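Trainee: Provided herewith: upload31.cif, mmCIF, C-alpha atoms.
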```
data_final
#
loop_
_atom_site.label_atom_id
_atom_site.label_comp_id
_atom_site.auth_asym_id
_atom_site.auth_seq_id
_atom_site.Cartn_x
_atom_site.Cartn_y
_atom_site.Cartn_z
CA MET A 260 0.00 0.00 0.00
CA VAL A 261 2.83 2.43 0.83
CA ILE A 262 4.64 1.62 -2.39
CA GLU A 263 1.50 2.11 -4.48
CA THR A 264 0.80 5.48 -2.82
CA LEU A 265 4.35 6.72 -3.37
CA ALA A 266 4.33 5.44 -6.96
CA LYS A 267 1.16 7.42 -7.72
CA ASP A 268 2.82 10.62 -6.53
CA ALA A 269 6.00 10.05 -8.52
CA THR A 270 6.82 11.91 -11.71
CA LYS A 271 8.78 10.52 -14.67
CA GLU A 272 11.87 12.11 -13.13
CA ASP A 273 11.39 10.19 -9.86
CA ALA A 274 12.36 6.67 -8.89
CA LEU A 275 11.00 4.36 -6.25
CA VAL A 276 12.96 1.23 -5.35
CA PHE A 277 12.24 -1.26 -2.63
CA ALA A 278 13.35 -4.44 -0.98
CA TYR A 279 10.90 -6.79 0.67
CA CYS A 280 12.69 -9.02 3.15
CA ARG A 281 10.87 -12.21 4.10
CA TYR A 282 11.55 -14.38 7.09
CA SER A 283 11.42 -17.43 4.84
CA GLN A 284 14.23 -16.25 2.54
CA SER A 285 17.62 -15.01 3.61
CA TYR A 286 19.25 -12.28 1.58
CA THR A 287 22.66 -10.75 2.09
CA ALA A 288 23.13 -7.00 2.32
CA LEU A 289 24.92 -7.21 -1.04
CA GLU A 290 21.96 -8.97 -2.69
CA ILE A 291 19.53 -6.38 -1.34
CA LEU A 292 21.69 -3.47 -2.55
CA ARG A 293 22.16 -5.09 -5.96
CA GLY A 294 18.38 -5.50 -6.16
CA LEU A 295 17.93 -1.76 -5.59
CA ALA A 296 20.48 -0.98 -8.32
CA LYS A 297 18.77 -3.43 -10.68
CA GLN A 298 15.41 -1.72 -10.17
CA LEU A 299 16.93 1.67 -11.00
CA LEU A 300 18.42 0.17 -14.16
CA GLU A 301 15.22 -1.57 -15.23
CA ASP A 302 12.93 1.39 -14.50
CA HIS A 303 15.20 4.15 -15.82
CA PRO A 304 17.56 2.62 -18.41
CA ASN A 305 18.20 5.85 -20.34
CA ARG A 306 19.55 7.49 -17.21
CA THR A 307 21.36 4.56 -15.59
CA LEU A 308 22.56 2.24 -18.38
CA PRO A 309 25.73 4.23 -19.23
CA ILE A 310 26.83 4.09 -15.59
CA VAL A 311 26.07 0.38 -15.24
CA LYS A 312 27.78 -0.46 -18.56
CA GLU A 313 30.98 1.20 -17.38
CA VAL A 314 31.02 -0.72 -14.09
CA TYR A 315 29.97 -3.96 -15.79
CA GLY A 316 32.72 -3.60 -18.39
CA LYS A 317 35.43 -3.38 -15.72
CA HIS A 318 34.17 -6.46 -13.92
CA ALA A 319 33.48 -8.49 -17.06
CA LEU A 320 37.05 -7.94 -18.17
CA ARG A 321 38.42 -9.20 -14.84
CA GLN A 322 35.65 -11.78 -14.39
CA THR A 323 34.84 -10.45 -10.92
CA ASN A 324 31.66 -9.55 -9.07
CA LEU A 325 30.86 -6.28 -7.39
CA THR A 326 31.77 -6.06 -3.72
CA ILE A 327 29.42 -4.41 -1.25
CA ASN A 328 31.51 -1.20 -1.31
CA GLU A 329 31.51 -1.14 -5.11
CA THR A 330 27.74 -1.68 -5.10
CA VAL A 331 27.28 1.25 -2.72
CA THR A 332 29.46 3.40 -4.99
CA LEU A 333 27.39 2.30 -7.99
CA LEU A 334 24.17 3.18 -6.13
CA GLN A 335 25.60 6.59 -5.23
CA ARG A 336 26.36 7.26 -8.90
CA LEU A 337 22.94 6.01 -10.00
CA LEU A 338 21.20 8.17 -7.40
CA ALA A 339 23.24 11.21 -8.45
CA SER A 340 21.95 10.77 -12.02
CA PHE A 341 18.50 11.76 -10.75
CA ASN A 342 19.46 15.41 -10.47
CA LYS A 343 15.96 16.71 -11.21
CA GLY A 344 14.00 13.87 -9.69
CA LYS A 345 13.63 12.22 -6.34
CA VAL A 346 14.62 8.71 -5.49
CA ARG A 347 12.95 6.97 -2.59
CA ILE A 348 14.16 3.73 -1.07
CA ILE A 349 11.92 1.40 0.93
CA VAL A 350 13.17 -1.58 2.90
CA ASP A 351 10.29 -3.63 4.24
CA GLY A 352 11.01 -6.24 6.89
CA LEU A 353 14.52 -5.26 7.93
CA ASP A 354 13.97 -7.21 11.14
CA GLU A 355 13.63 -10.34 9.00
CA VAL A 356 17.15 -9.97 7.57
CA VAL A 357 19.73 -12.33 9.09
CA ASP A 358 21.43 -10.55 12.00
CA ALA A 359 24.89 -10.70 10.42
CA GLN A 360 23.55 -8.79 7.38
CA LYS A 361 21.65 -6.02 9.19
CA VAL A 362 24.71 -3.98 10.12
CA PRO A 363 26.33 -3.98 6.66
CA LEU A 364 22.97 -3.14 5.10
CA LEU A 365 22.33 -0.23 7.46
CA GLN A 366 25.89 1.05 7.05
CA SER A 367 25.50 0.90 3.27
CA LEU A 368 22.14 2.67 3.28
CA ALA A 369 23.66 5.39 5.48
CA LYS A 370 26.12 6.10 2.65
CA LEU A 371 23.30 7.09 0.27
CA PRO A 372 22.94 10.80 1.07
CA ASN A 373 19.93 12.94 0.31
CA THR A 374 17.81 9.90 -0.38
CA PRO A 375 14.58 9.48 1.56
CA LEU A 376 14.65 6.08 3.20
CA LEU A 377 11.64 4.28 4.62
CA ILE A 378 12.36 1.23 6.75
CA LEU A 379 9.41 -0.90 7.82
CA SER A 380 10.43 -3.10 10.71
CA ARG A 381 9.99 -3.94 14.31
CA PRO A 382 12.17 -1.61 16.36
CA LEU A 383 15.84 -2.50 16.29
CA PRO A 384 18.54 -0.82 18.41
CA LEU A 385 20.79 -1.09 15.37
CA PHE A 386 18.99 1.83 13.75
CA THR A 387 20.43 4.35 16.15
CA ASP A 388 23.90 2.81 16.08
CA PHE A 389 24.43 2.27 12.38
CA LEU A 390 22.03 4.28 10.25
CA GLY A 391 24.01 7.44 10.80
CA ARG A 392 21.21 9.89 10.06
CA PRO A 393 18.22 11.28 11.91
CA PHE A 394 15.08 9.20 11.68
CA ALA A 395 11.63 9.03 13.15
CA THR A 396 9.86 5.96 14.42
CA PHE A 397 6.28 5.08 15.13
CA ASP A 398 4.73 1.92 16.42
CA VAL A 399 2.34 -0.03 14.26
CA GLN A 400 0.79 -3.06 15.84
CA ALA A 401 -1.88 -5.32 14.53
CA ARG A 402 -5.02 -5.25 16.61
CA ASN A 403 -6.98 -8.42 17.23
CA GLU A 404 -9.83 -7.06 15.10
CA ASP A 405 -7.41 -6.53 12.19
CA ILE A 406 -6.09 -10.07 12.46
CA ASP A 407 -9.61 -11.53 12.68
CA ARG A 408 -10.70 -9.52 9.63
CA PHE A 409 -7.61 -10.63 7.69
CA ILE A 410 -8.14 -14.32 8.55
CA THR A 411 -11.84 -14.21 7.71
CA LYS A 412 -11.23 -12.49 4.37
CA SER A 413 -8.31 -14.75 3.46
CA ILE A 414 -10.29 -17.91 4.12
CA SER A 415 -13.40 -16.62 2.37
CA ASN A 416 -11.32 -15.85 -0.73
CA HIS A 417 -9.92 -19.38 -0.82
CA PRO A 418 -12.66 -21.88 -1.80
CA HIS A 419 -10.84 -24.99 -0.60
CA LEU A 420 -10.05 -23.51 2.82
CA ARG A 421 -13.60 -22.19 3.14
CA VAL A 422 -14.95 -25.73 2.76
CA ILE A 423 -12.46 -27.20 5.26
CA VAL A 424 -13.16 -24.51 7.89
CA ALA A 425 -16.91 -24.85 7.44
CA GLN A 426 -16.72 -28.57 8.27
CA GLU A 427 -15.46 -28.03 11.82
CA GLU A 428 -17.30 -25.85 14.29
CA GLY A 429 -15.08 -23.16 15.81
CA ALA A 430 -12.24 -23.72 13.31
CA LEU A 431 -12.21 -20.09 12.16
CA GLU A 432 -11.99 -18.84 15.75
CA THR A 433 -9.21 -21.33 16.54
CA ILE A 434 -7.19 -20.26 13.51
CA ALA A 435 -7.63 -16.58 14.34
CA ARG A 436 -6.61 -17.15 17.97
CA MET A 437 -3.49 -19.06 16.91
CA VAL A 438 -2.47 -16.32 14.48
CA ARG A 439 -3.05 -13.64 17.15
CA GLU A 440 -0.87 -15.56 19.60
CA LYS A 441 1.91 -16.03 17.04
CA SER A 442 1.85 -12.42 15.86
CA ARG A 443 1.98 -10.89 19.34
CA GLY A 444 0.99 -7.50 17.92
CA MET A 445 3.43 -7.42 14.99
#
```
Once more with this new file: its structure as structure tokens, please.

Mentor:
Amino acid sequence: MVIETLAKDATKEDALVFAYCRYSQSYTALEILRGLAKQLLEDHPNRTLPIVKEVYGKHALRQTNLTINETVTLLQRLLASFNKGKVRIIVDGLDEVVDAQKVPLLQSLAKLPNTPLLILSRPLPLFTDFLGRPFATFDVQARNEDIDRFITKSISNHPHLRVIVAQEEGALETIARMVREKSRGM
């Protein structure tokens, strides 16, 4: 929803890139940063392709991959190419990133100046230690009513689950209670 809202407000000169970190998949800081660079390239090739070609050419010749520092430098150059537009970066689920990758990711994001950064995550003390720029926080917690509504809608939109849940009295309530307990207000 946040991404769609920001995308609607963007002009052709603007860029919006994001990383969605899932608990079920582990990504390195390097992979996340490369994904951001790839989105800039795919969405704005006229602006970014010359920069990427230059970097790619150097590494293709040596048959090497970009390091995390080289990727940050590439991102800095790509971001600087948006001199008339804004670039926004969203990282959703930073708390789901493997602990060993959070610090390098935050340190790398801190090196991208003048770029609005939105991090969606449970609170992490690392933010204050490694982000290196002022930031605001606000708590968002799922209410029981929100979870119940989500479970009910999800099951009603899935015909097979709807049939299974309908066969056992109280199944919907049991599922909702279990999800509420597991989420603990996330």

Trainee: Taking all atoms listed in the file into account, which of A:Lys361, A:Arg306, A:Arg421, A:Lys317 comes nearest Ile291 (chain A)?

Mentor: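 Of the candidates, the smallest distance to Ile291 (chain A) is held by A:Lys361.
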
Trainee: Given the file above and the PyMOL selection byres ((chain A and resi 328) around 12), which residues are selected, and can you give them as a list in words?

Mentor: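 On the file shown, the PyMOL selection byres ((chain A and resi 328) around 12) covers Ala288, Leu289, Leu292, Arg293, Asn324, Leu325, Thr326, Ile327, Glu329, Thr330, Val331, Thr332, Leu333, Leu334, Gln335, Pro363, Leu364, Gln366, Ser367, Leu368, Lys370 and Leu371 of chain A.
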
Trainee: What separation in Å, quoted to one decimal, exists between CA of Gly429 (chain A) and CA of His417 (chain A)?

Mentor: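 Distance between the two atoms: 17.8 Å.
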
Trainee: Give me, as a tab-separated table (two decimals) with C-alpha atoms, in the frame of the given file, all polymer residues having an atom no more than 12 Å from Leu308 (chain A), counting only C-alpha atoms and skipping those fewer than 2 positions away in the same chain.

Mentor:
```tsv
chain	number	residue	atom	x	y	z
A	296	ALA	CA	20.48	-0.98	-8.32
A	297	LYS	CA	18.77	-3.43	-10.68
A	298	GLN	CA	15.41	-1.72	-10.17
A	299	LEU	CA	16.93	1.67	-11.00
A	300	LEU	CA	18.42	0.17	-14.16
A	301	GLU	CA	15.22	-1.57	-15.23
A	302	ASP	CA	12.93	1.39	-14.50
A	303	HIS	CA	15.20	4.15	-15.82
A	304	PRO	CA	17.56	2.62	-18.41
A	305	ASN	CA	18.20	5.85	-20.34
A	306	ARG	CA	19.55	7.49	-17.21
A	310	ILE	CA	26.83	4.09	-15.59
A	311	VAL	CA	26.07	0.38	-15.24
A	312	LYS	CA	27.78	-0.46	-18.56
A	313	GLU	CA	30.98	1.20	-17.38
A	314	VAL	CA	31.02	-0.72	-14.09
A	315	TYR	CA	29.97	-3.96	-15.79
A	316	GLY	CA	32.72	-3.60	-18.39
A	333	LEU	CA	27.39	2.30	-7.99
A	336	ARG	CA	26.36	7.26	-8.90
A	337	LEU	CA	22.94	6.01	-10.00
A	340	SER	CA	21.95	10.77	-12.02
```

Trainee: Contacts of region 274-286 of chain A at 9 Å or less, counting only C-alpha atoms, minus same-chain residues fewer than 2 places along, as a PyMOL selection string?

Mentor: chain A and resi 262+265-266+269-272+288-292+294-296+298-299+302-303+341+344-357+360

Trainee: Using the incomplete input, complete region 356-372 of chain A to the level of N, CA, C and O atoms; output as a PDB file, in the coordinates of the input.

Mentor:
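Heads up, here's the output in result-v7.pdb:
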```pdb
ATOM      1  N   VAL A 356      15.832  -9.721   8.149  1.00  0.00           N
ATOM      2  CA  VAL A 356      17.150  -9.970   7.570  1.00  0.00           C
ATOM      3  C   VAL A 356      18.010 -10.671   8.624  1.00  0.00           C
ATOM      4  O   VAL A 356      17.936 -10.352   9.813  1.00  0.00           O
ATOM      5  N   VAL A 357      18.827 -11.606   8.190  1.00  0.00           N
ATOM      6  CA  VAL A 357      19.730 -12.330   9.090  1.00  0.00           C
ATOM      7  C   VAL A 357      20.570 -11.302   9.847  1.00  0.00           C
ATOM      8  O   VAL A 357      21.066 -10.338   9.274  1.00  0.00           O
ATOM      9  N   ASP A 358      20.738 -11.527  11.145  1.00  0.00           N
ATOM     10  CA  ASP A 358      21.430 -10.550  12.000  1.00  0.00           C
ATOM     11  C   ASP A 358      22.780 -10.114  11.442  1.00  0.00           C
ATOM     12  O   ASP A 358      23.109  -8.935  11.467  1.00  0.00           O
ATOM     13  N   ALA A 359      23.558 -11.031  10.922  1.00  0.00           N
ATOM     14  CA  ALA A 359      24.890 -10.700  10.420  1.00  0.00           C
ATOM     15  C   ALA A 359      24.841  -9.761   9.213  1.00  0.00           C
ATOM     16  O   ALA A 359      25.848  -9.134   8.870  1.00  0.00           O
ATOM     17  N   GLN A 360      23.684  -9.640   8.570  1.00  0.00           N
ATOM     18  CA  GLN A 360      23.550  -8.790   7.380  1.00  0.00           C
ATOM     19  C   GLN A 360      22.921  -7.435   7.681  1.00  0.00           C
ATOM     20  O   GLN A 360      22.965  -6.537   6.853  1.00  0.00           O
ATOM     21  N   LYS A 361      22.314  -7.280   8.856  1.00  0.00           N
ATOM     22  CA  LYS A 361      21.650  -6.020   9.190  1.00  0.00           C
ATOM     23  C   LYS A 361      22.625  -4.855   9.267  1.00  0.00           C
ATOM     24  O   LYS A 361      22.373  -3.782   8.727  1.00  0.00           O
ATOM     25  N   VAL A 362      23.739  -5.063   9.948  1.00  0.00           N
ATOM     26  CA  VAL A 362      24.710  -3.980  10.120  1.00  0.00           C
ATOM     27  C   VAL A 362      25.291  -3.542   8.783  1.00  0.00           C
ATOM     28  O   VAL A 362      25.272  -2.340   8.467  1.00  0.00           O
ATOM     29  N   PRO A 363      25.803  -4.453   7.947  1.00  0.00           N
ATOM     30  CA  PRO A 363      26.330  -3.980   6.660  1.00  0.00           C
ATOM     31  C   PRO A 363      25.263  -3.301   5.792  1.00  0.00           C
ATOM     32  O   PRO A 363      25.566  -2.350   5.073  1.00  0.00           O
ATOM     33  N   LEU A 364      24.029  -3.772   5.881  1.00  0.00           N
ATOM     34  CA  LEU A 364      22.970  -3.140   5.100  1.00  0.00           C
ATOM     35  C   LEU A 364      22.703  -1.726   5.598  1.00  0.00           C
ATOM     36  O   LEU A 364      22.633  -0.779   4.809  1.00  0.00           O
ATOM     37  N   LEU A 365      22.571  -1.559   6.908  1.00  0.00           N
ATOM     38  CA  LEU A 365      22.330  -0.230   7.460  1.00  0.00           C
ATOM     39  C   LEU A 365      23.501   0.706   7.185  1.00  0.00           C
ATOM     40  O   LEU A 365      23.309   1.876   6.833  1.00  0.00           O
ATOM     41  N   GLN A 366      24.721   0.215   7.333  1.00  0.00           N
ATOM     42  CA  GLN A 366      25.890   1.050   7.050  1.00  0.00           C
ATOM     43  C   GLN A 366      25.912   1.467   5.582  1.00  0.00           C
ATOM     44  O   GLN A 366      26.269   2.606   5.260  1.00  0.00           O
ATOM     45  N   SER A 367      25.529   0.578   4.708  1.00  0.00           N
ATOM     46  CA  SER A 367      25.500   0.900   3.270  1.00  0.00           C
ATOM     47  C   SER A 367      24.407   1.912   2.958  1.00  0.00           C
ATOM     48  O   SER A 367      24.631   2.858   2.202  1.00  0.00           O
ATOM     49  N   LEU A 368      23.231   1.726   3.522  1.00  0.00           N
ATOM     50  CA  LEU A 368      22.140   2.670   3.280  1.00  0.00           C
ATOM     51  C   LEU A 368      22.478   4.053   3.818  1.00  0.00           C
ATOM     52  O   LEU A 368      22.078   5.067   3.245  1.00  0.00           O
ATOM     53  N   ALA A 369      23.243   4.101   4.911  1.00  0.00           N
ATOM     54  CA  ALA A 369      23.660   5.390   5.480  1.00  0.00           C
ATOM     55  C   ALA A 369      24.572   6.157   4.538  1.00  0.00           C
ATOM     56  O   ALA A 369      24.693   7.377   4.645  1.00  0.00           O
ATOM     57  N   LYS A 370      25.206   5.462   3.600  1.00  0.00           N
ATOM     58  CA  LYS A 370      26.120   6.100   2.650  1.00  0.00           C
ATOM     59  C   LYS A 370      25.404   6.635   1.409  1.00  0.00           C
ATOM     60  O   LYS A 370      26.056   7.065   0.465  1.00  0.00           O
ATOM     61  N   LEU A 371      24.080   6.587   1.408  1.00  0.00           N
ATOM     62  CA  LEU A 371      23.300   7.090   0.270  1.00  0.00           C
ATOM     63  C   LEU A 371      22.670   8.416   0.692  1.00  0.00           C
ATOM     64  O   LEU A 371      21.532   8.454   1.151  1.00  0.00           O
ATOM     65  N   PRO A 372      23.408   9.511   0.539  1.00  0.00           N
ATOM     66  CA  PRO A 372      22.940  10.800   1.070  1.00  0.00           C
ATOM     67  C   PRO A 372      21.781  11.369   0.269  1.00  0.00           C
ATOM     68  O   PRO A 372      21.590  11.045  -0.909  1.00  0.00           O
TER      69      PRO A 372
END
```
